[in-house]
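**Q** Can you keep this structure in mind? I'll have questions shortly.
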Amino acid sequence: MIPPQFDYVRPANLDEALAILRDREGAKVLAGGYSLLPLLKLRLASPEVLVDIGAIAGMDGIAEVEKGLHIGGRATHRSIHENAAVKARYPLLEDAAAGIGDPQIRNWGTMGGSVAHADPSADWPAVLIASRAAINVRSAGGDRWIDARDFFIDSFQTAIEPNEILTEIRVPAPGANAGGAYAKLERRAGDFSTVGVAVQLNLGADGQISAVGIGLTAVAPTPFAATDAEAILMGATPDEATFRRAGDAAAAQSSPTTDAHGPAEYKKAMVSEMVVRALRSAVSRARKQA
Amino acid sequence: MATEMQRQTTPEVGGMGHSVKRKEDPRFIRGAGQFIDDLVLPGMLWLDIVRSPYAHATIKSIDASEALKVPGVAAVITGADLEKAGLHWMPTLAGDKQMVLPTHTVMYQSQEVAAVVATSRYAAADGVAAVMVDYEPLEVVVDPHKALLPDAPVLRPDRAADKQNNHIWHWESGDRAAADAGLAAAEHRISEDIYIPRIHVASIETCGCVADWDAIRGQMTLHMTSQAPHVIRTVLALVSGLPEQNIRVKTHDIGGGFGGKVPVYPGYVLAVVASLTTGKPVKWIEDRSENLQADSFARDYHIHAEMGATNAGKITSLKVSTIADHGYTDAAADPSKFPAGLFNVITGSYDFPNAFVEVDGVYTNKPPGGVAYRCSFRVTEAVHAIERMVDILAHDLDIDPAKIRMDNFIQPEQMPYKTPTGWEYDSGDYPRALKLAMDMIGYDDLRKEQAEKRARGELMGIGISSFTEIVGAGPSHDFDIIGLKMFDSCEIRVHPTGKVLARIGVQTQGQGHETTFAQIIAEELGFPVADIKIEYGDTDTAPYGLGTYASRSTPVAGAATAMAARKIKEKARHLAAHLLEANPDDLVWTNGKWSVKGSPDRSKTIQEIAFAAYTNHPQGMEPGLEAVDYYDPPNLTFPFGSYICVVDIDKGTGQVTVRRFVAVDDCGNIINPMIVDGQIHGGLTMGFAPSLLESMTYDENGNNLAGTFMDYLLPTAVETPAWELGKTTTPSPHHPIGAKGVGESATVGAPPAIANAVVDALWHLGVRNIDIPLTPQKIWAILREKGVTA
Amino acid sequence: MTTKHISVTVNGEAREADVEPRLLLVHLLRDVFMLTGTHIGCDTSNCGACTIHLDGESAKSCTLLAVQADGKSVTTIEGMASGATLHPLQQAFWDQHGLQCGFCTPGMIMQAAWLLKQNADPTETEIRAGIAGNLCRCTGYVNIVKSIQQAAGELAPSEDAATEAAATIQA
């Protein structure tokens, strides 16, 4: 498994990187490499030049502001998992980060790289959809903010243009009485998800669900928002029957394919089950906050 | 019956029964092992292989012109090139033949199509990418049952005119009429189809070699990953015409074998051809995808079993018919007389009179093989079938699965026991092992817990496997591979200063031979393990042996080592008599010394005797202190054990969790308890793997669906249970040190314990059998059908 | 073919090489620097046999380019012992029979070393999760877990080590 030939540059700053993306054909951004390198080794990608953004300062920070969490495009899975604000207030992110790949991959793989790669089974996209995150992409011409729900176009295809770099992801603050959870069904530790369900919700003063986002991964050509399930849950009492109705609605909205992870029918059923489990956990966390 | 051996030596000597720390480890923990890909020779070229994307296709053309333009590419080898030298086909160890490179037709996905030789790893890969092959796809035969239909395409038209079908061979054992009569007369009969899927050993090191042809000396040195280097040397001599004394096979360190490094793969032959034609050393190293997609597989047995019994649960008869999917060629490494291996050990640990087994080998468009996956010649398949059937019988008759085993076990006083399919079990105490396993796990309490949980709708299961292994192939009257009798060997040289060099005919792949074989010599002769060096794997220096697989190292080469040591001890007695001016018959051996009976102070240590062998030997006696032994075992050995597994099933997802697993093993006398425990831990994990995770599957076009570690799921530390071990010791009566072999018992015994536990959890819902691997999707589909999903 | 000049500190020693951009870090270590203790067991970053430390963090060197290591520091299994003195993990793997064929061992030891830097006193569950990216086919992991526990016991008592681990977590 030997990659094809390509050129390699490691620009010192973002402007330089963007100029290269603007000026050179077949350029591809390299962050941690844990998504891109496997493709290169299988010769499924053959870029002319890799633009390594590893040396660009300031892209890997995680900052909590009043409105939410600002995550640099090159922040690693591990740095997100270990971030104090994430541990305190973003359990959905903490859950998801803990289950991506294995420890070595979490040391070097990045949220931005994973999101830009847009593997239909990746975990972060569902998380960003559930939490209604915004994704910033920058070109030589300037910044462009894209709603996570509009970002994923098809398998391995996003709204990023070839001359753009994903620089930052903003996750809105969860607000009062919030709970989030990621329920991942995998065949074995380190496996890609068979089904991944991200839930972010709030409970109102009356104990009913006042806001909810649900993102699903691995059960459609792209990760997507389970909007039918969200509609069922909005304003509803968080009980088992409601969770199951939401789960079934999410299953109905999914379009998995049969593969080594299982037949489509099984995956649909697992969407329902994992939605229920994620909701249970998210609601329980929200109640603890209350 | 032989009695259990007590420790005779001090820890400093480190004979049998001591957990001596491994002599091989210092190099591995420093990263200083010498694995095949670590070897670099001056001027060495790299070989990489073009592989077929189709499972069955005609090769219309191969265009190497662009590849030859790639900088660094030195040559491209095709089937047409090999055909000129008659090297496009080679024999398999099972007496079939296999393509080195195809001249017309590819027979499975990822089959070798051409080889590129270049000055670097990277240039060779670029060359492979530039070779253009034009294929015309043919009808693909994936299902072995369909392969036997009259209108199936004939996959091997190269065979004789009367064999123009996909049936390879028929093999049977036992008495068909008696088994039929037994079934007909039985009060209760059960019948079940059990499939044991294709799996792959997936040692963490893949296969590879460096072929080094020295044209001036006429010498071929083949550095390679082989579990059986001497056999490789002989095969290479027969195939290439090179004189055998000018072929040297060297194995170095091997990163796991498990059966997958027994066969001769086309890559090895291609490297040899490339070295012969370029005059330079040529390295070939598989990558993981090639290893999984093209190397020999294991299992793939479609078993139909029928069992008869009394209503009280006493088994009376067993009849088994099996279709064995061998891929496009029978490249199994079974002994010649046993095309289905030792599958007829299927009567297991049970005493009943009637049994009949038949197996039919079939060709399909899949990679060749039928090698082991850490098991002795098809024993895992046999054990799985009998242990599943016994469990089904128990549940059918509402008898506890432990009780039905106890009621049917061959009793210790019946040993040696002749089975209805012709084996003679050497020794065993099956009730003792099961009783210990039940005590360790708290069997009765678990059954109570299960009943309570079932009342609450929770799914918990307890599974038992009481297996009998058959290892140590084997006695020369029955056992050979391509005619080579399955003896093994040891040569011991005692140096004048009392230090020892011993060479053995078997080949370690992690079992710790450098330590355990030294311990056998320490036990027999009293030299400390630290003073004994064990060598193997260089055919120029090691005595001829058939290699390490089928748990045969300790039973056969271990016996040869003890016997060679005893020859030395006997010569030492005569030397001691000379030194002590005593009659040899008056000497007694204790703790590494010969001493005069009744006068323990008149003695000579083995070290003193060794020195004398070179400095002061009696006139008329040959100087020196060396011995060699080629051991032809009188019988196989029959390790056994009882395993109990507890599983919990998640009704929402179908996921099975192994909560506890107790393994009681009996492998006879133990050389090194630490190493035996390690072998069992590893064996259990390789039994766990195909039970829950691993299987090599294909779609209807013959596309491999598990060709990387992303989909061929080896267990990680997270899923692997924390194994609980127990042991009993029932020595082999015919083995010089009473040992039986242990490397594979656990892989053989574990899968039915897990499968039985899962079916036990679901039996009340009307589930009789589930084939491994017990994946969540499979369990969930059953739960849904039974209406019990969460 | 254009090559890049890179400087990498390997096991404390400054090394330089001219490499193709596509050269994998594991091949730089094995084929260029002849440090063959780091092994290759798969193509898909699943097996962990190639685990090394890059700037102190464990990484799979089959999924990194050599050029990505330019200016960085790499530690391999060959850099673990101090002369004749084994690293406590190396000693523990030997003492506890934590290896059989030895092929996964270098990667396993490197990952375990990183794990103990993060968590000086891991539970068995944490150890198992910590080596989830390293496959072993021989040992069933039981004795690998024991080896890491032994080394943790030997490494833990030092105050300095605890401070250093805390600093690493913050960085």
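Naming scheme: A, B, ... for chains in displayed order of the structure tokens; residues 1 onward per chain; ligands 1 onward as shown.
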List as a PyMOL selection string the protein and nucleic acid residues near Gly33 of chain B, meaning an atom at most 8 Å away when only C-alpha atoms are counted, but skip any in the same chain fewer than 2 places from it.
**A** (chain B and resi 27-28+30-31+35+253) or (chain C and resi 37+102)
**Q** Deliver the residues from the most recent selection as a file, using C-alpha atoms, as a short mmCIF file (atom, residue, chain, number, x, y, z; two decimals), in the first residue's frame.
**A**
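So the final result, stored in result_16.cif, reads:
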data_model
loop_
_atom_site.label_atom_id
_atom_site.label_comp_id
_atom_site.auth_asym_id
_atom_site.auth_seq_id
_atom_site.Cartn_x
_atom_site.Cartn_y
_atom_site.Cartn_z
CA ARG B 27 15.53 -9.01 21.41
CA PHE B 28 11.81 -8.50 20.88
CA ARG B 30 14.06 -3.87 22.27
CA GLY B 31 12.75 -4.01 18.72
CA PHE B 35 11.61 -10.35 10.93
CA ASP B 253 11.84 -14.56 13.53
CA GLY C 37 11.91 -2.26 15.46
CA GLY C 102 7.06 -10.25 19.36
#
**Q** Do a neighbour search on Pro197 of chain B at 8 Å with only C-alpha atoms, toss out local chain neighbours closer than 4 positions, and write the hits as a short mmCIF file (atom, residue, chain, number, x, y, z; two decimals) with all heavy atoms, in the first residue's frame.
**A**
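Heads up, here's the output in out.cif:
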data_model
loop_
_atom_site.label_atom_id
_atom_site.label_comp_id
_atom_site.auth_asym_id
_atom_site.auth_seq_id
_atom_site.Cartn_x
_atom_site.Cartn_y
_atom_site.Cartn_z
N ARG B 299 -11.26 -23.40 7.66
CA ARG B 299 -12.68 -23.78 7.85
C ARG B 299 -13.45 -23.86 6.52
O ARG B 299 -13.02 -24.48 5.60
CB ARG B 299 -13.39 -22.84 8.82
CG ARG B 299 -12.57 -22.46 10.05
CD ARG B 299 -12.62 -23.50 11.13
NE ARG B 299 -12.16 -22.94 12.40
CZ ARG B 299 -10.91 -23.05 12.88
NH1 ARG B 299 -10.00 -23.72 12.21
NH2 ARG B 299 -10.58 -22.51 14.04
N ASP B 300 -14.62 -23.20 6.48
CA ASP B 300 -15.53 -23.28 5.33
C ASP B 300 -16.09 -24.68 5.17
O ASP B 300 -16.01 -25.28 4.09
CB ASP B 300 -14.83 -22.79 4.04
CG ASP B 300 -15.76 -21.94 3.17
OD1 ASP B 300 -16.98 -21.97 3.41
OD2 ASP B 300 -15.27 -21.26 2.26
N TYR B 301 -16.65 -25.21 6.25
CA TYR B 301 -17.25 -26.54 6.27
C TYR B 301 -18.77 -26.41 6.43
O TYR B 301 -19.24 -25.79 7.38
CB TYR B 301 -16.68 -27.37 7.43
CG TYR B 301 -15.60 -28.33 7.02
CD1 TYR B 301 -14.73 -28.04 5.97
CD2 TYR B 301 -15.43 -29.57 7.68
CE1 TYR B 301 -13.74 -28.93 5.59
CE2 TYR B 301 -14.44 -30.46 7.30
CZ TYR B 301 -13.59 -30.13 6.26
OH TYR B 301 -12.61 -31.02 5.89
N SER B 695 -15.26 -13.23 9.99
CA SER B 695 -15.57 -14.20 8.96
C SER B 695 -15.23 -13.58 7.61
O SER B 695 -15.32 -12.37 7.43
CB SER B 695 -17.04 -14.66 9.00
OG SER B 695 -17.89 -13.65 8.53
N MET B 696 -14.78 -14.44 6.73
CA MET B 696 -14.33 -13.99 5.40
C MET B 696 -15.48 -14.26 4.44
O MET B 696 -15.73 -15.40 4.08
CB MET B 696 -13.08 -14.78 5.02
CG MET B 696 -12.34 -14.26 3.82
SD MET B 696 -11.84 -12.54 3.99
CE MET B 696 -10.39 -12.69 5.02
N ILE B 772 -21.90 -19.52 13.81
CA ILE B 772 -20.95 -18.44 14.09
C ILE B 772 -20.61 -17.73 12.78
O ILE B 772 -20.73 -18.36 11.73
CB ILE B 772 -19.69 -18.99 14.80
CG1 ILE B 772 -19.02 -20.07 13.96
CG2 ILE B 772 -20.03 -19.52 16.18
CD1 ILE B 772 -17.67 -20.49 14.48
N PRO B 773 -20.21 -16.47 12.79
CA PRO B 773 -20.08 -15.60 13.96
C PRO B 773 -21.43 -15.10 14.44
O PRO B 773 -22.31 -14.82 13.62
CB PRO B 773 -19.22 -14.45 13.43
CG PRO B 773 -19.54 -14.37 11.98
CD PRO B 773 -19.80 -15.78 11.55
#
**Q** Please indicate the distance in Å from atom CA of Gly141 of chain A to atom CA of Asn163 of chain A, rounded to one decimal place.
**A** 9.4 Å
**Q** Got a sec: who's within 10 Å of Gln68 of chain C, counting only C-alpha atoms, leaving out chain neighbours fewer than 5 positions off, as a PyMOL selection string?
**A** (chain A and resi 8-10+30-33+52+54-55) or (chain C and resi 6+8+21+24-25+54)
**Q** Enumerate as a ChimeraX atom specification the residues belonging to chain C that approach chain B to within 6 Å, with only C-alpha atoms taken into account.
**A** /C:36-37,41-42,77-78,90,100-103,106,128-129,132,135,138-141
**Q** Would you mind exporting the chosen residues as a short mmCIF file (atom, residue, chain, number, x, y, z; two decimals), in the first residue's frame, restricted to all heavy atoms?
**A**
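Here's the written file selection_38.cif:
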data_model
loop_
_atom_site.label_atom_id
_atom_site.label_comp_id
_atom_site.auth_asym_id
_atom_site.auth_seq_id
_atom_site.Cartn_x
_atom_site.Cartn_y
_atom_site.Cartn_z
N THR C 36 14.44 -0.93 12.43
CA THR C 36 13.42 -1.90 12.01
C THR C 36 12.58 -2.42 13.16
O THR C 36 11.78 -3.33 12.99
CB THR C 36 14.09 -3.07 11.28
OG1 THR C 36 15.11 -3.60 12.14
CG2 THR C 36 14.71 -2.64 9.97
N GLY C 37 12.75 -1.84 14.34
CA GLY C 37 11.91 -2.26 15.46
C GLY C 37 10.46 -1.85 15.29
O GLY C 37 9.56 -2.48 15.85
N GLY C 41 1.86 -3.87 10.19
CA GLY C 41 0.97 -5.04 10.23
C GLY C 41 -0.30 -4.88 9.43
O GLY C 41 -1.05 -5.83 9.26
N CYS C 42 -0.59 -3.66 8.97
CA CYS C 42 -1.79 -3.50 8.14
C CYS C 42 -1.63 -2.26 7.29
O CYS C 42 -0.61 -1.57 7.36
CB CYS C 42 -3.05 -3.38 9.00
SG CYS C 42 -3.27 -1.80 9.84
N ILE C 77 10.85 2.27 19.51
CA ILE C 77 11.17 1.24 20.50
C ILE C 77 12.68 1.22 20.78
O ILE C 77 13.10 0.97 21.92
CB ILE C 77 10.66 -0.15 20.05
CG1 ILE C 77 10.83 -1.21 21.13
CG2 ILE C 77 11.33 -0.60 18.76
CD1 ILE C 77 9.97 -1.04 22.34
N GLU C 78 13.47 1.53 19.76
CA GLU C 78 14.93 1.49 19.95
C GLU C 78 15.40 2.58 20.91
O GLU C 78 16.52 2.52 21.42
CB GLU C 78 15.65 1.65 18.60
CG GLU C 78 15.54 0.45 17.66
CD GLU C 78 14.37 0.53 16.69
OE1 GLU C 78 13.44 1.34 16.94
OE2 GLU C 78 14.37 -0.20 15.68
N GLN C 90 9.52 -2.46 29.12
CA GLN C 90 10.22 -3.57 28.45
C GLN C 90 10.45 -4.70 29.45
O GLN C 90 10.21 -5.87 29.17
CB GLN C 90 11.55 -3.08 27.87
CG GLN C 90 11.37 -2.09 26.72
CD GLN C 90 12.68 -1.49 26.26
OE1 GLN C 90 13.49 -1.04 27.07
NE2 GLN C 90 12.90 -1.48 24.95
N GLN C 100 4.50 -12.91 22.67
CA GLN C 100 4.81 -14.25 22.16
C GLN C 100 5.63 -14.15 20.88
O GLN C 100 6.85 -14.27 20.90
CB GLN C 100 3.53 -15.08 22.01
CG GLN C 100 2.94 -15.42 23.40
CD GLN C 100 1.68 -16.24 23.37
OE1 GLN C 100 1.42 -16.98 22.44
NE2 GLN C 100 0.87 -16.12 24.42
N CYS C 101 5.00 -13.84 19.75
CA CYS C 101 5.82 -13.75 18.53
C CYS C 101 6.66 -12.47 18.50
O CYS C 101 7.64 -12.39 17.78
CB CYS C 101 4.97 -13.87 17.27
SG CYS C 101 4.12 -12.37 16.78
N GLY C 102 6.26 -11.46 19.26
CA GLY C 102 7.06 -10.25 19.36
C GLY C 102 6.82 -9.22 18.28
O GLY C 102 7.45 -8.17 18.28
N PHE C 103 5.90 -9.50 17.36
CA PHE C 103 5.73 -8.59 16.23
C PHE C 103 4.94 -7.33 16.61
O PHE C 103 5.29 -6.23 16.19
CB PHE C 103 5.06 -9.31 15.06
CG PHE C 103 5.20 -8.58 13.76
CD1 PHE C 103 6.39 -8.64 13.05
CD2 PHE C 103 4.16 -7.84 13.23
CE1 PHE C 103 6.54 -7.97 11.84
CE2 PHE C 103 4.30 -7.16 12.02
CZ PHE C 103 5.49 -7.23 11.32
N PRO C 106 6.71 -3.98 19.90
CA PRO C 106 7.22 -2.60 19.92
C PRO C 106 6.10 -1.57 19.91
O PRO C 106 6.12 -0.61 20.70
CB PRO C 106 8.08 -2.52 18.65
CG PRO C 106 8.53 -3.94 18.42
CD PRO C 106 7.33 -4.77 18.82
N ARG C 128 -7.16 -1.46 28.84
CA ARG C 128 -7.70 -2.12 27.64
C ARG C 128 -8.15 -1.09 26.61
O ARG C 128 -7.89 -1.24 25.42
CB ARG C 128 -8.84 -3.08 28.03
CG ARG C 128 -8.32 -4.35 28.71
CD ARG C 128 -9.45 -5.28 29.16
NE ARG C 128 -8.92 -6.50 29.76
CZ ARG C 128 -8.69 -7.64 29.09
NH1 ARG C 128 -8.99 -7.72 27.80
NH2 ARG C 128 -8.19 -8.70 29.70
N ALA C 129 -8.80 -0.02 27.06
CA ALA C 129 -9.21 1.03 26.12
C ALA C 129 -7.98 1.75 25.55
O ALA C 129 -7.98 2.14 24.39
CB ALA C 129 -10.13 2.03 26.83
N ALA C 132 -6.59 -0.11 22.60
CA ALA C 132 -7.60 -0.58 21.65
C ALA C 132 -7.14 -0.43 20.20
O ALA C 132 -7.68 -1.08 19.31
CB ALA C 132 -8.91 0.18 21.86
N LEU C 135 -3.39 -4.28 17.85
CA LEU C 135 -3.87 -5.67 17.79
C LEU C 135 -2.74 -6.63 18.12
O LEU C 135 -1.61 -6.47 17.64
CB LEU C 135 -4.41 -5.98 16.39
CG LEU C 135 -5.62 -5.15 15.95
CD1 LEU C 135 -5.96 -5.45 14.48
CD2 LEU C 135 -6.82 -5.45 16.84
N CYS C 138 -1.42 -13.12 19.50
CA CYS C 138 -0.87 -14.26 20.25
C CYS C 138 -1.34 -14.33 21.70
O CYS C 138 -1.59 -15.41 22.20
CB CYS C 138 0.65 -14.20 20.28
SG CYS C 138 1.48 -14.32 18.68
N THR C 139 -1.40 -13.21 22.38
CA THR C 139 -1.45 -13.27 23.85
C THR C 139 -2.84 -13.20 24.44
O THR C 139 -3.00 -13.44 25.65
CB THR C 139 -0.69 -12.08 24.47
OG1 THR C 139 -1.38 -10.87 24.10
CG2 THR C 139 0.74 -12.01 23.98
N GLY C 140 -3.84 -12.83 23.65
CA GLY C 140 -5.16 -12.62 24.25
C GLY C 140 -5.19 -11.45 25.21
O GLY C 140 -6.13 -11.30 25.97
N TYR C 141 -4.15 -10.64 25.18
CA TYR C 141 -4.04 -9.37 25.91
C TYR C 141 -3.90 -9.51 27.42
O TYR C 141 -3.51 -8.55 28.10
CB TYR C 141 -5.25 -8.45 25.61
CG TYR C 141 -5.44 -8.15 24.13
CD1 TYR C 141 -6.45 -8.78 23.39
CD2 TYR C 141 -4.60 -7.27 23.46
CE1 TYR C 141 -6.61 -8.52 22.03
CE2 TYR C 141 -4.76 -7.01 22.11
CZ TYR C 141 -5.77 -7.64 21.39
OH TYR C 141 -5.94 -7.38 20.06
#
**Q** Can you tell me, as a PyMOL selection string, what residues are no more than 12 Å from Ile470 of chain B when counting only C-alpha atoms, ignoring any on the same chain fewer than 3 positions away?
**A** chain B and resi 341-349+375-380+382-383+423-428+467+473-474+550-552+555+635-640+667+740-745+748-749
**Q** Write the residues of the selection above to a file with N, CA and C atoms, as a short mmCIF file (atom, residue, chain, number, x, y, z; two decimals), in the first residue's frame.
**A**
data_model
loop_
_atom_site.label_atom_id
_atom_site.label_comp_id
_atom_site.auth_asym_id
_atom_site.auth_seq_id
_atom_site.Cartn_x
_atom_site.Cartn_y
_atom_site.Cartn_z
N GLY B 341 -8.48 -33.87 6.96
CA GLY B 341 -7.76 -33.78 8.23
C GLY B 341 -8.21 -34.88 9.19
N LEU B 342 -8.23 -34.52 10.46
CA LEU B 342 -8.60 -35.49 11.49
C LEU B 342 -10.04 -35.25 11.92
N PHE B 343 -10.86 -34.86 10.93
CA PHE B 343 -12.26 -34.49 11.19
C PHE B 343 -13.03 -35.65 11.84
N ASN B 344 -12.53 -36.88 11.62
CA ASN B 344 -13.25 -38.01 12.21
C ASN B 344 -12.95 -38.21 13.70
N VAL B 345 -12.35 -37.20 14.31
CA VAL B 345 -12.27 -37.20 15.78
C VAL B 345 -13.59 -36.65 16.35
N ILE B 346 -14.56 -36.56 15.46
CA ILE B 346 -15.84 -35.91 15.75
C ILE B 346 -16.67 -36.61 16.82
N THR B 347 -16.29 -37.81 17.20
CA THR B 347 -17.05 -38.44 18.29
C THR B 347 -16.70 -37.81 19.64
N GLY B 348 -15.64 -37.02 19.65
CA GLY B 348 -15.34 -36.17 20.80
C GLY B 348 -15.06 -36.92 22.08
N SER B 349 -15.55 -36.38 23.17
CA SER B 349 -15.22 -36.89 24.50
C SER B 349 -16.21 -37.97 24.95
N CYS B 375 -5.36 -24.67 14.58
CA CYS B 375 -5.96 -25.93 15.02
C CYS B 375 -5.39 -27.07 14.22
N SER B 376 -5.39 -28.23 14.84
CA SER B 376 -4.83 -29.41 14.23
C SER B 376 -5.81 -29.97 13.21
N PHE B 377 -5.52 -29.79 11.95
CA PHE B 377 -6.22 -30.49 10.85
C PHE B 377 -7.72 -30.71 11.08
N ARG B 378 -8.53 -29.67 10.95
CA ARG B 378 -10.00 -29.81 10.95
C ARG B 378 -10.59 -30.28 12.27
N VAL B 379 -9.84 -30.16 13.35
CA VAL B 379 -10.38 -30.60 14.64
C VAL B 379 -11.41 -29.60 15.15
N THR B 380 -11.19 -28.31 14.87
CA THR B 380 -12.14 -27.31 15.35
C THR B 380 -13.53 -27.54 14.77
N ALA B 382 -14.75 -30.39 13.79
CA ALA B 382 -15.30 -31.59 14.41
C ALA B 382 -15.83 -31.29 15.81
N VAL B 383 -15.02 -30.56 16.58
CA VAL B 383 -15.42 -30.27 17.96
C VAL B 383 -16.66 -29.38 17.97
N TRP B 423 -9.64 -43.94 16.15
CA TRP B 423 -8.55 -43.34 16.93
C TRP B 423 -8.41 -44.06 18.26
N GLU B 424 -7.19 -44.03 18.80
CA GLU B 424 -6.98 -44.56 20.14
C GLU B 424 -6.56 -43.42 21.05
N TYR B 425 -7.51 -42.94 21.87
CA TYR B 425 -7.20 -41.85 22.81
C TYR B 425 -6.20 -42.37 23.83
N ASP B 426 -5.14 -41.58 24.09
CA ASP B 426 -4.07 -42.08 24.96
C ASP B 426 -4.43 -42.00 26.44
N SER B 427 -5.04 -40.89 26.85
CA SER B 427 -5.40 -40.74 28.26
C SER B 427 -6.36 -39.57 28.40
N GLY B 428 -7.06 -39.52 29.50
CA GLY B 428 -7.96 -38.40 29.73
C GLY B 428 -8.85 -38.66 30.92
N PHE B 467 -14.14 -30.60 25.14
CA PHE B 467 -13.56 -31.04 23.86
C PHE B 467 -12.42 -32.03 24.08
N ALA B 473 0.84 -34.95 15.11
CA ALA B 473 1.01 -35.76 13.90
C ALA B 473 2.49 -35.83 13.53
N GLY B 474 2.85 -37.05 13.14
CA GLY B 474 2.13 -38.22 13.52
C GLY B 474 2.89 -39.48 13.14
N ALA B 550 -0.32 -27.72 13.89
CA ALA B 550 -1.09 -28.84 14.44
C ALA B 550 -0.60 -29.24 15.83
N SER B 551 -0.11 -28.28 16.58
CA SER B 551 0.38 -28.54 17.95
C SER B 551 1.34 -29.72 17.99
N ARG B 552 2.24 -29.83 17.00
CA ARG B 552 3.08 -31.01 16.95
C ARG B 552 4.48 -30.79 17.52
N PRO B 555 4.71 -32.57 21.16
CA PRO B 555 4.49 -34.02 21.05
C PRO B 555 5.57 -34.73 20.22
N ASN B 635 1.86 -42.86 18.67
CA ASN B 635 0.44 -42.51 18.60
C ASN B 635 0.37 -40.99 18.64
N LEU B 636 -0.81 -40.48 18.36
CA LEU B 636 -1.05 -39.06 18.56
C LEU B 636 -1.29 -38.81 20.05
N THR B 637 -1.35 -37.53 20.42
CA THR B 637 -1.72 -37.22 21.79
C THR B 637 -3.08 -36.53 21.79
N PHE B 638 -3.77 -36.62 22.91
CA PHE B 638 -5.16 -36.17 22.97
C PHE B 638 -5.39 -35.24 24.16
N PRO B 639 -4.94 -33.97 24.02
CA PRO B 639 -5.25 -32.99 25.06
C PRO B 639 -6.77 -32.79 25.13
N PHE B 640 -7.24 -32.28 26.23
CA PHE B 640 -8.68 -32.07 26.35
C PHE B 640 -8.95 -30.95 27.35
N CYS B 667 -3.24 -30.64 29.27
CA CYS B 667 -2.33 -30.91 28.15
C CYS B 667 -1.21 -31.85 28.59
N LYS B 740 1.54 -33.31 26.02
CA LYS B 740 0.58 -33.54 24.94
C LYS B 740 0.52 -32.43 23.88
N GLY B 741 0.97 -31.23 24.19
CA GLY B 741 0.79 -30.12 23.25
C GLY B 741 -0.41 -29.29 23.66
N VAL B 742 -0.33 -27.96 23.43
CA VAL B 742 -1.38 -27.10 23.99
C VAL B 742 -1.72 -25.89 23.11
N GLY B 743 -0.93 -25.63 22.09
CA GLY B 743 -1.07 -24.35 21.38
C GLY B 743 -2.44 -24.09 20.81
N GLU B 744 -3.17 -25.14 20.50
CA GLU B 744 -4.41 -24.94 19.75
C GLU B 744 -5.67 -25.36 20.49
N SER B 745 -5.50 -26.05 21.61
CA SER B 745 -6.68 -26.57 22.33
C SER B 745 -7.75 -25.50 22.52
N VAL B 748 -9.74 -24.52 19.55
CA VAL B 748 -10.64 -25.61 19.19
C VAL B 748 -11.84 -25.65 20.13
N GLY B 749 -11.58 -25.45 21.41
CA GLY B 749 -12.62 -25.68 22.40
C GLY B 749 -13.55 -24.50 22.64
#
**Q** When the cut-off is 10 Å and we count only C-alpha atoms, which residues of chain C are near chain A, given as a PyMOL selection string?
**A** chain C and resi 1-4+20-24+42-46+48+51-54+57-65+67-68+70+111+114-115+129-134+169-171
**Q** When you look at Phe297 of chain B with a cut-off of 7 Å (counting only C-alpha atoms), what residues show up, excluding the ones that are within fewer than 3 positions of it in the same chain? I need them as number ranges by chain.
**A** B: 198-200, 369-371
**Q** Point out the residue among A:Lys288, A:Asp259, A:Asp147, A:Phe152 with the least atom-to-atom distance to chain B, counting only C-alpha atoms.
**A**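 Using only C-alpha atoms, the shortest distance to chain B belongs to A:Asp259.
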**Q** To one decimal place in Å, what is the distance between atom CA of Val262 of chain B and atom CA of Ser226 of chain B?
**A**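 According to the coordinates, atom CA of Val262 of chain B and atom CA of Ser226 of chain B are separated by 5.9 Å.
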**Q** Go through B:Asp151, B:Asp665, B:Asp351, B:Asp771 one by one, measure the shortest atom-to-atom distance of each to Lys727 of chain B using only C-alpha atoms, and give the residue with the smallest value.
**A**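 Using only C-alpha atoms, Lys727 of chain B sits closest to B:Asp665.
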**Q** Please extract the residues of segment 148-316 of chain B with a backbone DSSP assignment of strand (DSSP E or B) and present them as a PyMOL selection string.
**A** chain B and resi 167-174+188-199+208-214+219-224+247-250+282-285+297-309+315-316
